[in-house]
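See structure below.
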Amino acid sequence: GNSVTQMEGPVTLSEEAFLTINCTYTATGYPSLFWYVQYPGEGLQLLLKATKADDKGSNKGFEATYRKETTSFHLEKGSVQVSDSAVYFCAPLATDSWGKLQFGAGTQVVVTP
Amino acid sequence: DAGVTQSPTHLIKTRGQQVTLRCSPISGHKSVSWYQQVLGQGPQFIFQYYEKEERGRGNFPDRFSARQFPNYSSELNVNALLLGDSALYLCASSRQGGTEAFFGQGTRLTVV
């Protein structure tokens, strides 16, 4: 079955630092890949996506590139803000899954002023 | 446009009771999925419905059931509640089964 491995948190950073959250996955076929963000007490928000190999998804200063060779989809942001403090989830969506997203445990990011 | 809406936002139930959670998808979306998120963990897939038919089911007991209505809204039912059912229940909608999903704010269920 599909699975996701994310780096464990919490990741604690100072404001304006560089953020990387590693994500590797296993999935049948060539899945679409998503990053979701969850702020405290809220549901999940779609942050960015990539639907095929070498695609780069980007949004709000975050970027992630679909690496088929390494089955990875690492999330990066060049300069984080306190408002980026949240839990981040990487999730593949297999082509034959009928919409079943496979989530890992998530990575908590804490940005301090 | 309104996003995915879920109701209620919070509720408290007693062990053994039954609960119904509701979800309205984004206008134009025909697929609804349900996820359970226990505190500190990632969401776990429960069900997916598309065009009123069940298309996927996760590893949950038969106490969990769902349905989708002609207007594409959905209900999740959980019978004989256990303490371990306490979680945030998330609904997600998408245009069809294999496309990006948008989540609601969730229903926080506490079983006491």
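If you're wondering about the labels, chains in the structure tokens are A, B, ... by order shown, residues count from 1 in each chain, ligands from 1 in order shown.
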
Please list as a tab-separated table (two decimals) with all heavy atoms, in the first residue's frame every residue within 10 Å of B:Ser7, counting only C-alpha atoms and excluding residues in the same chain fewer than 4 positions away.
```
chain	number	residue	atom	x	y	z
B	11	LEU	N	-18.96	18.49	19.51
B	11	LEU	CA	-20.01	17.83	20.26
B	11	LEU	C	-19.42	16.82	21.22
B	11	LEU	O	-18.32	16.31	21.00
B	11	LEU	CB	-21.06	17.19	19.36
B	11	LEU	CG	-20.78	15.89	18.62
B	11	LEU	CD1	-22.08	15.32	18.11
B	11	LEU	CD2	-19.84	16.12	17.47
B	20	THR	N	-24.17	11.60	14.34
B	20	THR	CA	-24.22	11.88	12.90
B	20	THR	C	-23.53	13.20	12.63
B	20	THR	O	-23.86	14.22	13.25
B	20	THR	CB	-25.67	11.96	12.39
B	20	THR	OG1	-26.32	10.70	12.59
B	20	THR	CG2	-25.70	12.30	10.91
B	21	LEU	N	-22.57	13.17	11.75
B	21	LEU	CA	-21.83	14.36	11.36
B	21	LEU	C	-22.19	14.70	9.92
B	21	LEU	O	-22.40	13.80	9.10
B	21	LEU	CB	-20.32	14.12	11.47
B	21	LEU	CG	-19.82	13.49	12.77
B	21	LEU	CD1	-18.30	13.32	12.73
B	21	LEU	CD2	-20.25	14.31	13.96
B	22	ARG	N	-22.23	16.00	9.62
B	22	ARG	CA	-22.70	16.43	8.31
B	22	ARG	C	-21.66	17.26	7.57
B	22	ARG	O	-20.85	17.97	8.19
B	22	ARG	CB	-23.99	17.22	8.45
B	22	ARG	CG	-25.14	16.37	9.01
B	22	ARG	CD	-26.40	17.15	9.24
B	22	ARG	NE	-27.49	16.26	9.64
B	22	ARG	CZ	-27.67	15.82	10.88
B	22	ARG	NH1	-26.85	16.19	11.85
B	22	ARG	NH2	-28.68	15.01	11.16
B	23	CYS	N	-21.72	17.18	6.26
B	23	CYS	CA	-20.74	17.86	5.41
B	23	CYS	C	-21.40	18.35	4.14
B	23	CYS	O	-22.13	17.58	3.47
B	23	CYS	CB	-19.61	16.89	5.08
B	23	CYS	SG	-18.42	17.50	3.86
B	24	SER	N	-21.15	19.60	3.79
B	24	SER	CA	-21.60	20.15	2.51
B	24	SER	C	-20.38	20.48	1.67
B	24	SER	O	-19.53	21.27	2.11
B	24	SER	CB	-22.43	21.41	2.73
B	24	SER	OG	-23.64	21.10	3.37
B	75	GLU	N	-23.28	12.52	5.08
B	75	GLU	CA	-23.35	12.28	6.52
B	75	GLU	C	-22.45	11.11	6.88
B	75	GLU	O	-22.36	10.12	6.13
B	75	GLU	CB	-24.78	11.93	6.96
B	75	GLU	CG	-25.74	13.08	6.96
B	75	GLU	CD	-27.12	12.67	7.46
B	75	GLU	OE1	-27.36	11.45	7.64
B	75	GLU	OE2	-27.95	13.57	7.65
B	104	GLY	N	-12.85	20.75	5.11
B	104	GLY	CA	-13.59	21.61	6.00
B	104	GLY	C	-12.83	21.80	7.30
B	104	GLY	O	-11.72	21.29	7.48
B	105	GLN	N	-13.45	22.54	8.23
B	105	GLN	CA	-12.79	22.84	9.49
B	105	GLN	C	-12.87	21.69	10.47
B	105	GLN	O	-12.18	21.69	11.49
B	105	GLN	CB	-13.44	24.08	10.13
B	105	GLN	CG	-13.19	25.36	9.36
B	105	GLN	CD	-11.72	25.73	9.37
B	105	GLN	OE1	-10.94	25.34	8.51
B	105	GLN	NE2	-11.31	26.51	10.34
B	106	GLY	N	-13.72	20.72	10.16
B	106	GLY	CA	-13.79	19.54	11.00
B	106	GLY	C	-14.83	19.62	12.10
B	106	GLY	O	-15.30	20.70	12.46
B	107	THR	N	-15.18	18.46	12.59
B	107	THR	CA	-16.05	18.32	13.77
B	107	THR	C	-15.24	17.65	14.86
B	107	THR	O	-14.71	16.55	14.67
B	107	THR	CB	-17.29	17.46	13.46
B	107	THR	OG1	-18.11	18.14	12.51
B	107	THR	CG2	-18.09	17.20	14.74
B	108	ARG	N	-15.14	18.33	15.99
B	108	ARG	CA	-14.40	17.77	17.13
B	108	ARG	C	-15.38	16.96	17.95
B	108	ARG	O	-16.29	17.51	18.57
B	108	ARG	CB	-13.81	18.90	17.97
B	108	ARG	CG	-13.16	18.45	19.25
B	108	ARG	CD	-11.83	17.77	19.03
B	108	ARG	NE	-10.84	18.64	18.40
B	108	ARG	CZ	-9.66	18.23	17.99
B	108	ARG	NH1	-9.31	16.97	18.13
B	108	ARG	NH2	-8.82	19.07	17.43
```

key: Check: which chain B residues lie within 9 Å of chain A using only C-alpha atoms, as number ranges by chain   = B: 31-33, 40-50, 55-58, 88, 90, 94, 96-106

Please dump the current selection as an mmCIF file, in the first residue's frame; keep N, CA and C atoms.
```cif
data_model
loop_
_atom_site.group_PDB
_atom_site.id
_atom_site.type_symbol
_atom_site.label_atom_id
_atom_site.label_comp_id
_atom_site.auth_asym_id
_atom_site.auth_seq_id
_atom_site.Cartn_x
_atom_site.Cartn_y
_atom_site.Cartn_z
ATOM 1 N N SER B 31 -17.502 14.688 -5.197
ATOM 2 C CA SER B 31 -16.868 13.667 -4.371
ATOM 3 C C SER B 31 -16.672 14.191 -2.955
ATOM 4 N N VAL B 32 -16.983 13.345 -1.989
ATOM 5 C CA VAL B 32 -16.774 13.675 -0.579
ATOM 6 C C VAL B 32 -16.024 12.534 0.095
ATOM 7 N N SER B 33 -15.028 12.902 0.881
ATOM 8 C CA SER B 33 -14.272 11.913 1.644
ATOM 9 C C SER B 33 -14.316 12.286 3.114
ATOM 10 N N GLY B 40 -2.586 14.531 17.580
ATOM 11 C CA GLY B 40 -1.169 14.266 17.414
ATOM 12 C C GLY B 40 -0.821 13.361 16.253
ATOM 13 N N GLN B 41 -1.829 12.938 15.499
ATOM 14 C CA GLN B 41 -1.586 12.038 14.363
ATOM 15 C C GLN B 41 -2.094 12.660 13.067
ATOM 16 N N GLY B 42 -1.733 12.024 11.972
ATOM 17 C CA GLY B 42 -2.245 12.466 10.685
ATOM 18 C C GLY B 42 -3.644 11.915 10.451
ATOM 19 N N PRO B 43 -4.383 12.532 9.546
ATOM 20 C CA PRO B 43 -5.735 12.041 9.235
ATOM 21 C C PRO B 43 -5.702 10.631 8.643
ATOM 22 N N GLN B 44 -6.689 9.838 9.025
ATOM 23 C CA GLN B 44 -6.836 8.482 8.501
ATOM 24 C C GLN B 44 -8.121 8.407 7.673
ATOM 25 N N PHE B 45 -8.012 7.840 6.498
ATOM 26 C CA PHE B 45 -9.131 7.748 5.561
ATOM 27 C C PHE B 45 -10.211 6.809 6.089
ATOM 28 N N ILE B 46 -11.464 7.291 6.028
ATOM 29 C CA ILE B 46 -12.582 6.452 6.458
ATOM 30 C C ILE B 46 -13.406 6.007 5.253
ATOM 31 N N PHE B 47 -13.931 6.995 4.482
ATOM 32 C CA PHE B 47 -14.790 6.696 3.342
ATOM 33 C C PHE B 47 -14.559 7.718 2.234
ATOM 34 N N GLN B 48 -14.884 7.303 1.011
ATOM 35 C CA GLN B 48 -14.988 8.233 -0.093
ATOM 36 C C GLN B 48 -16.234 7.910 -0.888
ATOM 37 N N TYR B 49 -16.994 8.950 -1.227
ATOM 38 C CA TYR B 49 -18.196 8.818 -2.032
ATOM 39 C C TYR B 49 -18.080 9.696 -3.268
ATOM 40 N N TYR B 50 -18.568 9.148 -4.358
ATOM 41 C CA TYR B 50 -18.605 9.899 -5.611
ATOM 42 C C TYR B 50 -19.909 9.571 -6.310
ATOM 43 N N ARG B 55 -16.965 4.642 -2.967
ATOM 44 C CA ARG B 55 -15.861 4.286 -3.863
ATOM 45 C C ARG B 55 -14.635 3.791 -3.111
ATOM 46 N N GLY B 56 -14.603 4.054 -1.826
ATOM 47 C CA GLY B 56 -13.457 3.617 -1.048
ATOM 48 C C GLY B 56 -13.813 3.560 0.420
ATOM 49 N N ARG B 57 -13.182 2.621 1.109
ATOM 50 C CA ARG B 57 -13.430 2.456 2.537
ATOM 51 C C ARG B 57 -12.106 2.167 3.205
ATOM 52 N N GLY B 58 -11.842 2.835 4.296
ATOM 53 C CA GLY B 58 -10.620 2.592 5.050
ATOM 54 C C GLY B 58 -10.817 1.477 6.060
ATOM 55 N N LEU B 88 -10.910 14.505 15.723
ATOM 56 C CA LEU B 88 -11.389 15.517 14.791
ATOM 57 C C LEU B 88 -11.791 14.783 13.511
ATOM 58 N N LEU B 90 -12.799 15.028 9.724
ATOM 59 C CA LEU B 90 -12.622 15.949 8.613
ATOM 60 C C LEU B 90 -13.347 15.452 7.378
ATOM 61 N N SER B 94 -13.943 17.136 -3.525
ATOM 62 C CA SER B 94 -13.181 17.313 -4.762
ATOM 63 C C SER B 94 -14.133 17.170 -5.934
ATOM 64 N N GLN B 96 -13.888 15.343 -8.565
ATOM 65 C CA GLN B 96 -14.112 13.918 -8.779
ATOM 66 C C GLN B 96 -13.089 13.186 -7.961
ATOM 67 N N GLY B 97 -13.098 11.863 -8.048
ATOM 68 C CA GLY B 97 -12.346 11.082 -7.089
ATOM 69 C C GLY B 97 -10.855 11.325 -7.061
ATOM 70 N N GLY B 98 -10.231 11.545 -8.178
ATOM 71 C CA GLY B 98 -8.779 11.571 -8.176
ATOM 72 C C GLY B 98 -8.163 12.943 -8.270
ATOM 73 N N THR B 99 -8.876 13.950 -7.866
ATOM 74 C CA THR B 99 -8.358 15.311 -7.980
ATOM 75 C C THR B 99 -8.149 15.923 -6.594
ATOM 76 N N GLU B 100 -7.575 17.115 -6.565
ATOM 77 C CA GLU B 100 -7.217 17.724 -5.286
ATOM 78 C C GLU B 100 -8.431 17.888 -4.394
ATOM 79 N N ALA B 101 -8.193 17.691 -3.108
ATOM 80 C CA ALA B 101 -9.265 17.723 -2.128
ATOM 81 C C ALA B 101 -9.140 18.964 -1.257
ATOM 82 N N PHE B 102 -10.289 19.521 -0.903
ATOM 83 C CA PHE B 102 -10.362 20.688 -0.041
ATOM 84 C C PHE B 102 -11.113 20.290 1.221
ATOM 85 N N PHE B 103 -10.522 20.646 2.350
ATOM 86 C CA PHE B 103 -11.046 20.181 3.632
ATOM 87 C C PHE B 103 -11.891 21.238 4.326
ATOM 88 N N GLY B 104 -12.848 20.753 5.108
ATOM 89 C CA GLY B 104 -13.590 21.609 6.001
ATOM 90 C C GLY B 104 -12.830 21.801 7.304
ATOM 91 N N GLN B 105 -13.451 22.544 8.226
ATOM 92 C CA GLN B 105 -12.793 22.841 9.486
ATOM 93 C C GLN B 105 -12.869 21.691 10.474
ATOM 94 N N GLY B 106 -13.722 20.720 10.162
ATOM 95 C CA GLY B 106 -13.786 19.543 10.999
ATOM 96 C C GLY B 106 -14.831 19.622 12.097
#
```

key: Spatial neighbours of A:Tyr30, max dist 12 Å, only C-alpha atoms, sep filter under 4 positions, as a list in words   = Asn2, Tyr25, Thr26, Ala50, Thr51, Lys52, Ala53, Asp54, Tyr66, Arg67, Lys68, Glu69, Thr71, Ser72, Pro92, Leu93, Ala94, Thr95, Asp96 and Ser97 of chain A

Just write the chosen residues, all heavy atoms, as a short mmCIF file (atom, residue, chain, number, x, y, z; two decimals), in the first residue's frame.
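Here's the written file part-v8.cif:
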```cif
data_model
loop_
_atom_site.label_atom_id
_atom_site.label_comp_id
_atom_site.auth_asym_id
_atom_site.auth_seq_id
_atom_site.Cartn_x
_atom_site.Cartn_y
_atom_site.Cartn_z
N ASN A 2 0.19 2.37 -0.06
CA ASN A 2 0.91 3.65 -0.05
C ASN A 2 1.37 4.00 1.34
O ASN A 2 0.74 3.62 2.34
CB ASN A 2 -0.01 4.75 -0.57
CG ASN A 2 -0.52 4.48 -1.96
OD1 ASN A 2 0.08 3.71 -2.70
ND2 ASN A 2 -1.64 5.07 -2.31
N TYR A 25 7.81 8.98 -0.20
CA TYR A 25 6.55 8.24 -0.27
C TYR A 25 6.74 6.96 -1.06
O TYR A 25 7.69 6.80 -1.82
CB TYR A 25 5.47 9.11 -0.94
CG TYR A 25 5.78 9.41 -2.38
CD1 TYR A 25 5.36 8.57 -3.41
CD2 TYR A 25 6.55 10.52 -2.72
CE1 TYR A 25 5.69 8.83 -4.73
CE2 TYR A 25 6.88 10.79 -4.03
CZ TYR A 25 6.46 9.95 -5.03
OH TYR A 25 6.79 10.20 -6.33
N THR A 26 5.82 6.06 -0.85
CA THR A 26 5.67 4.89 -1.72
C THR A 26 4.23 4.89 -2.19
O THR A 26 3.30 5.16 -1.42
CB THR A 26 5.96 3.57 -0.99
OG1 THR A 26 5.06 3.44 0.11
CG2 THR A 26 7.39 3.53 -0.48
N ALA A 50 1.73 18.99 -6.93
CA ALA A 50 2.43 18.68 -8.17
C ALA A 50 1.84 17.38 -8.71
O ALA A 50 1.59 16.44 -7.95
CB ALA A 50 3.92 18.52 -7.93
N THR A 51 1.56 17.36 -9.97
CA THR A 51 0.83 16.22 -10.53
C THR A 51 1.68 15.30 -11.40
O THR A 51 1.23 14.21 -11.76
CB THR A 51 -0.38 16.68 -11.34
OG1 THR A 51 0.08 17.57 -12.37
CG2 THR A 51 -1.38 17.41 -10.46
N LYS A 52 2.90 15.72 -11.74
CA LYS A 52 3.76 14.81 -12.53
C LYS A 52 5.21 15.10 -12.21
O LYS A 52 5.56 16.13 -11.62
CB LYS A 52 3.49 14.95 -14.01
CG LYS A 52 3.72 16.32 -14.59
CD LYS A 52 3.35 16.32 -16.07
CE LYS A 52 3.72 17.62 -16.73
NZ LYS A 52 2.99 18.77 -16.17
N ALA A 53 6.05 14.17 -12.63
CA ALA A 53 7.48 14.25 -12.34
C ALA A 53 8.07 15.58 -12.80
O ALA A 53 7.73 16.08 -13.87
CB ALA A 53 8.21 13.08 -12.98
N ASP A 54 8.95 16.14 -11.93
CA ASP A 54 9.67 17.39 -12.17
C ASP A 54 8.79 18.63 -12.05
O ASP A 54 9.31 19.75 -12.18
CB ASP A 54 10.38 17.38 -13.53
CG ASP A 54 11.39 16.27 -13.64
OD1 ASP A 54 12.03 15.95 -12.62
OD2 ASP A 54 11.52 15.68 -14.73
N TYR A 66 8.50 17.59 -7.43
CA TYR A 66 8.16 16.17 -7.57
C TYR A 66 9.39 15.45 -8.14
O TYR A 66 9.73 15.62 -9.30
CB TYR A 66 6.98 16.07 -8.53
CG TYR A 66 6.30 14.73 -8.66
CD1 TYR A 66 4.92 14.68 -8.67
CD2 TYR A 66 7.00 13.54 -8.83
CE1 TYR A 66 4.24 13.48 -8.84
CE2 TYR A 66 6.34 12.35 -8.99
CZ TYR A 66 4.96 12.32 -9.00
OH TYR A 66 4.30 11.13 -9.17
N ARG A 67 10.03 14.64 -7.29
CA ARG A 67 11.22 13.91 -7.72
C ARG A 67 10.87 12.42 -7.84
O ARG A 67 10.81 11.70 -6.84
CB ARG A 67 12.35 14.08 -6.70
CG ARG A 67 12.77 15.52 -6.48
CD ARG A 67 13.46 16.09 -7.68
NE ARG A 67 14.03 17.42 -7.41
CZ ARG A 67 14.42 18.27 -8.34
NH1 ARG A 67 14.30 17.95 -9.63
NH2 ARG A 67 14.93 19.43 -8.01
N LYS A 68 10.64 11.99 -9.06
CA LYS A 68 10.23 10.60 -9.29
C LYS A 68 11.35 9.63 -8.94
O LYS A 68 11.11 8.56 -8.38
CB LYS A 68 9.80 10.42 -10.74
CG LYS A 68 9.22 9.06 -11.07
CD LYS A 68 8.80 8.97 -12.50
CE LYS A 68 9.97 8.94 -13.46
NZ LYS A 68 9.58 8.68 -14.86
N GLU A 69 12.60 10.01 -9.26
CA GLU A 69 13.73 9.10 -9.06
C GLU A 69 13.92 8.76 -7.60
O GLU A 69 14.28 7.63 -7.24
CB GLU A 69 15.03 9.71 -9.59
CG GLU A 69 14.92 10.57 -10.83
CD GLU A 69 14.38 11.95 -10.52
OE1 GLU A 69 14.94 12.63 -9.63
OE2 GLU A 69 13.38 12.33 -11.15
N THR A 71 11.49 9.40 -5.26
CA THR A 71 10.13 9.40 -4.68
C THR A 71 10.06 10.36 -3.49
O THR A 71 9.68 9.99 -2.37
CB THR A 71 9.67 7.99 -4.27
OG1 THR A 71 10.54 7.45 -3.28
CG2 THR A 71 9.61 7.06 -5.46
N SER A 72 10.42 11.60 -3.76
CA SER A 72 10.44 12.60 -2.70
C SER A 72 9.69 13.85 -3.13
O SER A 72 9.49 14.11 -4.33
CB SER A 72 11.87 12.96 -2.32
OG SER A 72 12.53 13.57 -3.40
N PRO A 92 0.53 11.76 -0.75
CA PRO A 92 0.35 11.32 -2.14
C PRO A 92 -1.09 10.89 -2.38
O PRO A 92 -1.78 10.43 -1.47
CB PRO A 92 1.30 10.13 -2.24
CG PRO A 92 1.38 9.58 -0.86
CD PRO A 92 1.19 10.74 0.07
N LEU A 93 -1.50 11.05 -3.61
CA LEU A 93 -2.82 10.61 -4.05
C LEU A 93 -2.60 9.69 -5.23
O LEU A 93 -2.31 10.14 -6.34
CB LEU A 93 -3.67 11.80 -4.46
CG LEU A 93 -5.07 11.49 -5.00
CD1 LEU A 93 -5.91 10.81 -3.93
CD2 LEU A 93 -5.76 12.76 -5.48
N ALA A 94 -2.72 8.39 -4.98
CA ALA A 94 -2.45 7.42 -6.04
C ALA A 94 -3.50 7.51 -7.13
O ALA A 94 -4.67 7.83 -6.86
CB ALA A 94 -2.43 6.00 -5.45
N THR A 95 -3.11 7.21 -8.34
CA THR A 95 -4.00 7.38 -9.48
C THR A 95 -5.19 6.44 -9.43
O THR A 95 -6.24 6.76 -9.97
CB THR A 95 -3.24 7.12 -10.79
OG1 THR A 95 -2.57 5.86 -10.71
CG2 THR A 95 -2.20 8.20 -11.02
N ASP A 96 -5.04 5.31 -8.73
CA ASP A 96 -6.14 4.35 -8.67
C ASP A 96 -6.85 4.36 -7.33
O ASP A 96 -7.52 3.41 -6.96
CB ASP A 96 -5.62 2.95 -8.96
CG ASP A 96 -4.56 2.52 -7.96
OD1 ASP A 96 -4.09 3.38 -7.18
OD2 ASP A 96 -4.19 1.34 -7.96
N SER A 97 -6.66 5.43 -6.57
CA SER A 97 -7.11 5.41 -5.18
C SER A 97 -8.49 6.00 -4.98
O SER A 97 -8.99 5.99 -3.87
CB SER A 97 -6.12 6.17 -4.31
OG SER A 97 -6.22 7.55 -4.60
#
```

request  = Grab the atom CA of B:Tyr35 to atom CA of B:Ala66 distance for me, in Å with one decimal place.
outcome  = 11.7 Å

Residues flagged strand (DSSP E) by DSSP in stretch 32-111 of chain B, as a VMD selection string = chain B and resid 32 to 37 44 to 50 53 to 57 64 to 68 74 to 78 87 to 94 102 to 103 107 to 111

May I have the residues from that selection written out with N, CA and C atoms, as a compact mmCIF listing (two decimals), in the first residue's frame?
```txt
# COMPACT_ATOMS: atom_id res chain seq x y z
N VAL B 32 -16.98 13.34 -1.99
CA VAL B 32 -16.77 13.68 -0.58
C VAL B 32 -16.02 12.53 0.10
N SER B 33 -15.03 12.90 0.88
CA SER B 33 -14.27 11.91 1.64
C SER B 33 -14.32 12.29 3.11
N TRP B 34 -14.21 11.28 3.96
CA TRP B 34 -14.18 11.48 5.41
C TRP B 34 -12.87 10.94 5.98
N TYR B 35 -12.32 11.68 6.94
CA TYR B 35 -11.08 11.30 7.60
C TYR B 35 -11.26 11.46 9.10
N GLN B 36 -10.55 10.62 9.83
CA GLN B 36 -10.49 10.74 11.29
C GLN B 36 -9.07 11.16 11.67
N GLN B 37 -8.98 12.19 12.50
CA GLN B 37 -7.66 12.63 12.96
C GLN B 37 -7.62 12.61 14.48
N GLN B 44 -6.69 9.84 9.02
CA GLN B 44 -6.84 8.48 8.50
C GLN B 44 -8.12 8.41 7.67
N PHE B 45 -8.01 7.84 6.50
CA PHE B 45 -9.13 7.75 5.56
C PHE B 45 -10.21 6.81 6.09
N ILE B 46 -11.46 7.29 6.03
CA ILE B 46 -12.58 6.45 6.46
C ILE B 46 -13.41 6.01 5.25
N PHE B 47 -13.93 7.00 4.48
CA PHE B 47 -14.79 6.70 3.34
C PHE B 47 -14.56 7.72 2.23
N GLN B 48 -14.88 7.30 1.01
CA GLN B 48 -14.99 8.23 -0.09
C GLN B 48 -16.23 7.91 -0.89
N TYR B 49 -16.99 8.95 -1.23
CA TYR B 49 -18.20 8.82 -2.03
C TYR B 49 -18.08 9.70 -3.27
N TYR B 50 -18.57 9.15 -4.36
CA TYR B 50 -18.61 9.90 -5.61
C TYR B 50 -19.91 9.57 -6.31
N GLU B 53 -22.23 7.07 -4.61
CA GLU B 53 -21.80 5.67 -4.43
C GLU B 53 -20.51 5.62 -3.62
N GLU B 54 -20.41 4.63 -2.75
CA GLU B 54 -19.17 4.44 -2.00
C GLU B 54 -18.08 3.94 -2.94
N ARG B 55 -16.97 4.64 -2.97
CA ARG B 55 -15.86 4.29 -3.86
C ARG B 55 -14.63 3.79 -3.11
N GLY B 56 -14.60 4.05 -1.83
CA GLY B 56 -13.46 3.62 -1.05
C GLY B 56 -13.81 3.56 0.42
N ARG B 57 -13.18 2.62 1.11
CA ARG B 57 -13.43 2.46 2.54
C ARG B 57 -12.11 2.17 3.21
N PHE B 64 -18.95 2.40 11.72
CA PHE B 64 -18.84 3.62 10.91
C PHE B 64 -19.58 3.39 9.59
N SER B 65 -20.45 4.33 9.25
CA SER B 65 -21.14 4.26 7.98
C SER B 65 -21.33 5.69 7.45
N ALA B 66 -21.61 5.79 6.19
CA ALA B 66 -21.79 7.11 5.58
C ALA B 66 -22.73 7.00 4.40
N ARG B 67 -23.18 8.14 3.94
CA ARG B 67 -23.96 8.18 2.71
C ARG B 67 -23.81 9.56 2.09
N GLN B 68 -24.14 9.61 0.82
CA GLN B 68 -24.10 10.87 0.09
C GLN B 68 -25.46 11.10 -0.53
N SER B 74 -23.09 15.04 2.54
CA SER B 74 -22.82 13.71 3.07
C SER B 74 -23.01 13.69 4.58
N GLU B 75 -23.28 12.52 5.08
CA GLU B 75 -23.35 12.28 6.52
C GLU B 75 -22.45 11.11 6.88
N LEU B 76 -21.80 11.25 8.02
CA LEU B 76 -21.03 10.16 8.60
C LEU B 76 -21.72 9.77 9.90
N ASN B 77 -22.00 8.50 10.04
CA ASN B 77 -22.64 7.98 11.25
C ASN B 77 -21.68 7.05 11.98
N VAL B 78 -21.66 7.19 13.29
CA VAL B 78 -20.87 6.28 14.11
C VAL B 78 -21.79 5.77 15.21
N ALA B 87 -12.03 12.31 18.40
CA ALA B 87 -11.11 12.75 17.35
C ALA B 87 -11.71 13.95 16.62
N LEU B 88 -10.91 14.50 15.72
CA LEU B 88 -11.39 15.52 14.79
C LEU B 88 -11.79 14.78 13.51
N TYR B 89 -13.02 14.94 13.09
CA TYR B 89 -13.50 14.29 11.88
C TYR B 89 -13.54 15.32 10.75
N LEU B 90 -12.80 15.03 9.72
CA LEU B 90 -12.62 15.95 8.61
C LEU B 90 -13.35 15.45 7.38
N CYS B 91 -13.99 16.38 6.71
CA CYS B 91 -14.63 16.09 5.44
C CYS B 91 -13.86 16.84 4.36
N ALA B 92 -13.67 16.20 3.23
CA ALA B 92 -12.99 16.83 2.10
C ALA B 92 -13.83 16.65 0.85
N SER B 93 -13.86 17.67 0.01
CA SER B 93 -14.57 17.53 -1.26
C SER B 93 -13.62 17.76 -2.42
N SER B 94 -13.94 17.14 -3.52
CA SER B 94 -13.18 17.31 -4.76
C SER B 94 -14.13 17.17 -5.93
N PHE B 102 -10.29 19.52 -0.90
CA PHE B 102 -10.36 20.69 -0.04
C PHE B 102 -11.11 20.29 1.22
N PHE B 103 -10.52 20.65 2.35
CA PHE B 103 -11.05 20.18 3.63
C PHE B 103 -11.89 21.24 4.33
N THR B 107 -15.18 18.46 12.59
CA THR B 107 -16.05 18.32 13.77
C THR B 107 -15.24 17.65 14.86
N ARG B 108 -15.14 18.33 15.99
CA ARG B 108 -14.40 17.77 17.13
C ARG B 108 -15.38 16.96 17.95
N LEU B 109 -15.20 15.64 17.96
CA LEU B 109 -16.05 14.73 18.74
C LEU B 109 -15.32 14.28 19.98
N THR B 110 -15.96 14.45 21.11
CA THR B 110 -15.42 13.96 22.37
C THR B 110 -16.38 12.93 22.93
N VAL B 111 -15.89 11.76 23.22
CA VAL B 111 -16.71 10.69 23.80
C VAL B 111 -16.29 10.52 25.26
```

Show which residues sit within 7 Å of A:Ile21, as a compact mmCIF listing (two decimals) with all heavy atoms, in the first residue's frame. Count only C-alpha atoms, and ignore same-chain residues fewer than 5 positions away.
```txt
# COMPACT_ATOMS: atom_id res chain seq x y z
N MET A 7 9.91 13.91 8.08
CA MET A 7 10.83 14.12 9.18
C MET A 7 10.02 14.44 10.43
O MET A 7 8.96 15.07 10.38
CB MET A 7 11.81 15.25 8.85
CG MET A 7 11.18 16.58 8.55
SD MET A 7 12.38 17.74 7.88
CE MET A 7 13.46 17.98 9.28
N HIS A 74 10.05 17.22 -1.10
CA HIS A 74 10.47 18.00 0.06
C HIS A 74 9.92 19.42 -0.02
O HIS A 74 9.96 20.07 -1.08
CB HIS A 74 11.99 18.06 0.13
CG HIS A 74 12.63 16.71 0.15
ND1 HIS A 74 12.10 15.63 0.83
CD2 HIS A 74 13.78 16.26 -0.44
CE1 HIS A 74 12.88 14.58 0.67
NE2 HIS A 74 13.90 14.93 -0.09
N LEU A 75 9.47 19.94 1.10
CA LEU A 75 8.91 21.29 1.18
C LEU A 75 9.98 22.26 1.65
O LEU A 75 10.72 21.96 2.59
CB LEU A 75 7.74 21.30 2.17
CG LEU A 75 6.99 22.63 2.32
CD1 LEU A 75 6.22 22.97 1.05
CD2 LEU A 75 6.04 22.57 3.51
N GLU A 76 10.05 23.43 1.00
CA GLU A 76 11.05 24.43 1.36
C GLU A 76 10.43 25.82 1.39
O GLU A 76 9.49 26.12 0.63
CB GLU A 76 12.21 24.43 0.35
CG GLU A 76 13.00 23.15 0.28
CD GLU A 76 14.13 23.21 -0.71
OE1 GLU A 76 14.05 24.04 -1.64
OE2 GLU A 76 15.09 22.44 -0.57
```

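For the pair atom CA of A:Gln81 and atom CA of A:Pro10, the separation is 15.8 Å.
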
d(atom CA of B:Leu83, atom CA of B:Pro8) in Å = 18.9 Å

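Using only C-alpha atoms, the contacts of A:Thr65 at a cut-off of 6 Å, with sequence neighbours closer than 2 positions omitted, comprise Asp55, Lys56 and Phe73 of chain A.
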
Surrounding residues of B:Gly28 excluding itself and chain neighbours under 6 positions, 12 Å, only C-alpha atoms, as an mmCIF file with C-alpha atoms, in the first residue's frame:
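Ended up saving to out-v5.cif:
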```cif
data_model
loop_
_atom_site.group_PDB
_atom_site.id
_atom_site.type_symbol
_atom_site.label_atom_id
_atom_site.label_comp_id
_atom_site.auth_asym_id
_atom_site.auth_seq_id
_atom_site.Cartn_x
_atom_site.Cartn_y
_atom_site.Cartn_z
ATOM 1 C CA ASP B 1 -17.764 30.686 -3.047
ATOM 2 C CA ALA B 2 -18.313 28.878 0.210
ATOM 3 C CA GLY B 3 -15.797 26.237 1.141
ATOM 4 C CA VAL B 4 -16.521 22.861 2.635
ATOM 5 C CA GLU B 51 -21.927 10.420 -7.321
ATOM 6 C CA ASN B 71 -27.166 17.336 -3.620
ATOM 7 C CA TYR B 72 -23.737 15.734 -2.902
ATOM 8 C CA SER B 73 -23.783 16.553 0.799
ATOM 9 C CA SER B 93 -14.574 17.525 -1.256
ATOM 10 C CA SER B 94 -13.181 17.313 -4.762
ATOM 11 C CA ARG B 95 -14.558 17.628 -8.252
ATOM 12 C CA GLN B 96 -14.112 13.918 -8.779
#
```
